[in-house]
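Report on one structure; see the data block that follows.
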Amino acid sequence: MLKFSIALTRRIIGKFLPQKSKKKIWQLWRRIRVVKDSIHAYLHDLSRFLRWSGIWRKYSNRVQLRAIITANFHGIEKGLSLKNPRPGFGSGHVYDLVSGLEKYQEEYGSDETTRYAINALIAYYQFNLIQGTDDRKLYEQISKLAEKCGKHCSAGGAKQVTRDNIHRASKRDLTGFFESRHSIRQFAADVDVDLKEIEKAVRMAQQTPSACNRQAWKVYVFSKDEDKKRILSLQKGSRGFGDQASKILVITTDLGNFLSIEERNQAWVDGGMFAMSLVYALHSLGLGTCCLHWCVRCEVDQELKKFAGITDAELVPMLVAVGHLPDEFMVAQSPRRDIKDMLVFK
């Protein structure tokens, strides 16, 4: 009905108005549509953030509670990693962590999140004990939490490293590595990518920094031809090569991990950083990748989630096509801008 009304309006305007007036009316019409679509998109994003983030109810589900626990125990880790930590630092956050752990164990039991958190609490208690403060109340609470954990909780919080060890593992010229990565649009279509290689790349990408180490990301891996075809039909940016990819990865970040209005954009930041780490990890394994943007309308985003089994609480920063490289192939030149355009010294 709406399409019919628009078509009828076009015919009336085209028949009765002069060309100059028609041009002004259509310019106004396009602006109105842009504003309307923008408002719809931003309201959709706002509604989703308010519905799924921890901004209202920070203990309403497992994801949110785990995010709070992780943020609090990472605060302990950061404090212990300072050169001269202050005895008793962050005591308020410490008891918030204990309270969150008690609630978590009561509702969801123990898992790696509780073990990591208890490790940090043990390290915190031992640090303060060395400084001459024996908080027996905290010790008893940690002991009860550790007992419920069911597994041995060793000391954690922070660890000693050396500059030499870091340099031996990392100090090398990566110019060639970065320059050799291209967006691949010619895959060896007859060679499948082993899922173990995808898993190895994801393990490497897990070292990506994230807000308070919350690691809100998830990777959905699609291998079946019909699934890949359906997903790429929604993405519409892989014509001519997407069907050659062995795997299509959908990267998401869960809004439940973000707890305040200040973090309204953090899911995109964390997801984007993880995606780039994953692309470079796949490159290091000799695999070809092409980053596929997910710049779509709200309705298309919902359609993908329904098809792929992705919850509404998850954002989709991007998709990645993955495949083996053929012996020889063409890539886009993709020249880089002059570094003077982007590097600003103050």
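Residues are named by chain letter and number: chains run A, B, ... in the order of the structure tokens, numbers start at 1 in each chain, and ligands are numbered from 1 in the order shown.
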Return as a Markdown table the residues of range 97-196 of chain A lying at most 9 Å from range 65-68 of chain A, together with the closest atom-to-atom pair for each and the distance in Å to one decimal, counting only C-alpha atoms, with rows in chain order and ascending residue number.
```
| residue | atom | partner | partner_atom | distance |
| --- | --- | --- | --- | --- |
| A:Leu97 | CA | A:Ile68 | CA | 7.9 |
| A:Gly100 | CA | A:Leu65 | CA | 7.0 |
| A:Leu101 | CA | A:Leu65 | CA | 8.7 |
| A:Lys103 | CA | A:Leu65 | CA | 8.6 |
| A:Tyr104 | CA | A:Leu65 | CA | 7.0 |
| A:Thr113 | CA | A:Arg66 | CA | 7.0 |
| A:Thr114 | CA | A:Arg66 | CA | 8.6 |
```
Within 10 Å of Met276 in chain A, counting only C-alpha atoms, which residues qualify if same-chain residues fewer than 5 places away don't, as a PyMOL selection string? chain A and resi 205+208+271+281-282+291
For the selection just defined, write its residues with N, CA and C atoms to a file, as a short mmCIF file (atom, residue, chain, number, x, y, z; two decimals), in the first residue's frame.
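Listed below is the output, again-v3.cif:
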```cif
data_model
loop_
_atom_site.label_atom_id
_atom_site.label_comp_id
_atom_site.auth_asym_id
_atom_site.auth_seq_id
_atom_site.Cartn_x
_atom_site.Cartn_y
_atom_site.Cartn_z
N ALA A 205 43.56 -15.26 19.11
CA ALA A 205 42.84 -13.98 19.17
C ALA A 205 42.28 -13.70 20.56
N THR A 208 43.40 -10.75 22.71
CA THR A 208 43.00 -9.38 22.41
C THR A 208 42.60 -8.64 23.68
N GLY A 271 34.66 -5.85 19.96
CA GLY A 271 34.41 -6.80 18.88
C GLY A 271 35.30 -6.53 17.67
N ALA A 281 45.52 -13.72 13.03
CA ALA A 281 45.84 -15.08 13.47
C ALA A 281 45.61 -16.07 12.33
N LEU A 282 44.51 -15.92 11.60
CA LEU A 282 44.25 -16.78 10.44
C LEU A 282 45.33 -16.58 9.37
N CYS A 291 37.37 -9.57 5.13
CA CYS A 291 36.45 -8.99 6.11
C CYS A 291 35.19 -8.53 5.38
#
```
Closest of A:Gln126, A:Ser81, A:Thr252, A:Ser260 to Tyr220 in chain A - atom-to-atom distances counting only C-alpha atoms: A:Thr252
Expected answer as a PyMOL selection string: strand (DSSP E) residues in range 81-235 of chain A: chain A and resi 217-222
If you count only C-alpha atoms, which residues fall within 12 Å of Gly242 in chain A, apart from same-chain ones fewer than 5 positions away, as a VMD selection string? chain A and resid 183 to 189 225 228 to 237 247 to 249 289 to 292 319 to 323
File of the preceding selection, C-alpha atoms, as a PDB file, in the first residue's frame:
```pdb
ATOM      1  CA  SER A 183      41.533  -9.180   1.389  1.00  0.00           C
ATOM      2  CA  ILE A 184      41.231 -12.431  -0.544  1.00  0.00           C
ATOM      3  CA  ARG A 185      38.587 -12.759  -3.235  1.00  0.00           C
ATOM      4  CA  GLN A 186      39.952 -15.874  -4.923  1.00  0.00           C
ATOM      5  CA  PHE A 187      39.935 -18.943  -2.687  1.00  0.00           C
ATOM      6  CA  ALA A 188      41.005 -22.495  -3.440  1.00  0.00           C
ATOM      7  CA  ALA A 189      37.398 -23.630  -3.474  1.00  0.00           C
ATOM      8  CA  ASP A 225      26.978 -24.529   1.565  1.00  0.00           C
ATOM      9  CA  LYS A 228      26.869 -19.860   3.829  1.00  0.00           C
ATOM     10  CA  LYS A 229      24.720 -19.000   0.833  1.00  0.00           C
ATOM     11  CA  ARG A 230      21.887 -17.772   3.038  1.00  0.00           C
ATOM     12  CA  ILE A 231      24.154 -15.629   5.229  1.00  0.00           C
ATOM     13  CA  LEU A 232      25.986 -14.093   2.280  1.00  0.00           C
ATOM     14  CA  SER A 233      22.680 -13.271   0.595  1.00  0.00           C
ATOM     15  CA  LEU A 234      21.931 -11.039   3.576  1.00  0.00           C
ATOM     16  CA  GLN A 235      25.398  -9.489   3.631  1.00  0.00           C
ATOM     17  CA  LYS A 236      25.453  -8.589  -0.105  1.00  0.00           C
ATOM     18  CA  GLY A 237      29.149  -7.681  -0.190  1.00  0.00           C
ATOM     19  CA  LYS A 247      34.006 -21.037   6.143  1.00  0.00           C
ATOM     20  CA  ILE A 248      31.963 -17.971   6.988  1.00  0.00           C
ATOM     21  CA  LEU A 249      32.571 -16.585  10.475  1.00  0.00           C
ATOM     22  CA  THR A 289      40.440 -13.972   4.718  1.00  0.00           C
ATOM     23  CA  CYS A 290      38.122 -11.251   3.561  1.00  0.00           C
ATOM     24  CA  CYS A 291      36.449  -8.990   6.108  1.00  0.00           C
ATOM     25  CA  LEU A 292      32.762  -8.604   5.263  1.00  0.00           C
ATOM     26  CA  LEU A 319      31.679 -11.314   9.187  1.00  0.00           C
ATOM     27  CA  VAL A 320      34.813 -12.992   7.844  1.00  0.00           C
ATOM     28  CA  ALA A 321      35.147 -15.256   4.805  1.00  0.00           C
ATOM     29  CA  VAL A 322      37.931 -17.836   5.264  1.00  0.00           C
ATOM     30  CA  GLY A 323      39.564 -20.204   2.802  1.00  0.00           C
TER      31      GLY A 323
END
```
Write out as JSON, numbers by chain each polymer residue whose atoms come within 10 Å of Asn61 in chain A, counting only C-alpha atoms; drop sequence neighbours fewer than 6 positions from it. {"A": [52, 54, 104, 107, 108, 256]}
Go ahead and dump the residues you just picked, C-alpha atoms, as an mmCIF file, in the first residue's frame.
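Written file, selection.cif:
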```cif
data_model
loop_
_atom_site.group_PDB
_atom_site.id
_atom_site.type_symbol
_atom_site.label_atom_id
_atom_site.label_comp_id
_atom_site.auth_asym_id
_atom_site.auth_seq_id
_atom_site.Cartn_x
_atom_site.Cartn_y
_atom_site.Cartn_z
ATOM 1 C CA TRP A 52 20.239 -6.246 27.206
ATOM 2 C CA GLY A 54 23.612 -4.176 32.576
ATOM 3 C CA TYR A 104 26.874 -16.527 41.326
ATOM 4 C CA GLU A 107 22.479 -19.492 41.274
ATOM 5 C CA TYR A 108 24.879 -21.012 38.744
ATOM 6 C CA GLY A 256 25.204 -8.093 28.761
#
```
What separation in Å, quoted to one decimal, exists between CA of Asp96 in chain A and CA of Arg136 in chain A?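 According to the coordinates, CA of Asp96 in chain A and CA of Arg136 in chain A are separated by 16.8 Å.
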Between CA of Ile251 in chain A and CA of Val34 in chain A, what is the spacing in Å?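 Between CA of Val34 in chain A and CA of Ile251 in chain A the gap works out to 28.1 Å.
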Top pick for closest residue to Asp111 in chain A, considering A:Val219, A:Cys149, A:Val63, A:Ala201 and counting only C-alpha atoms: A:Cys149
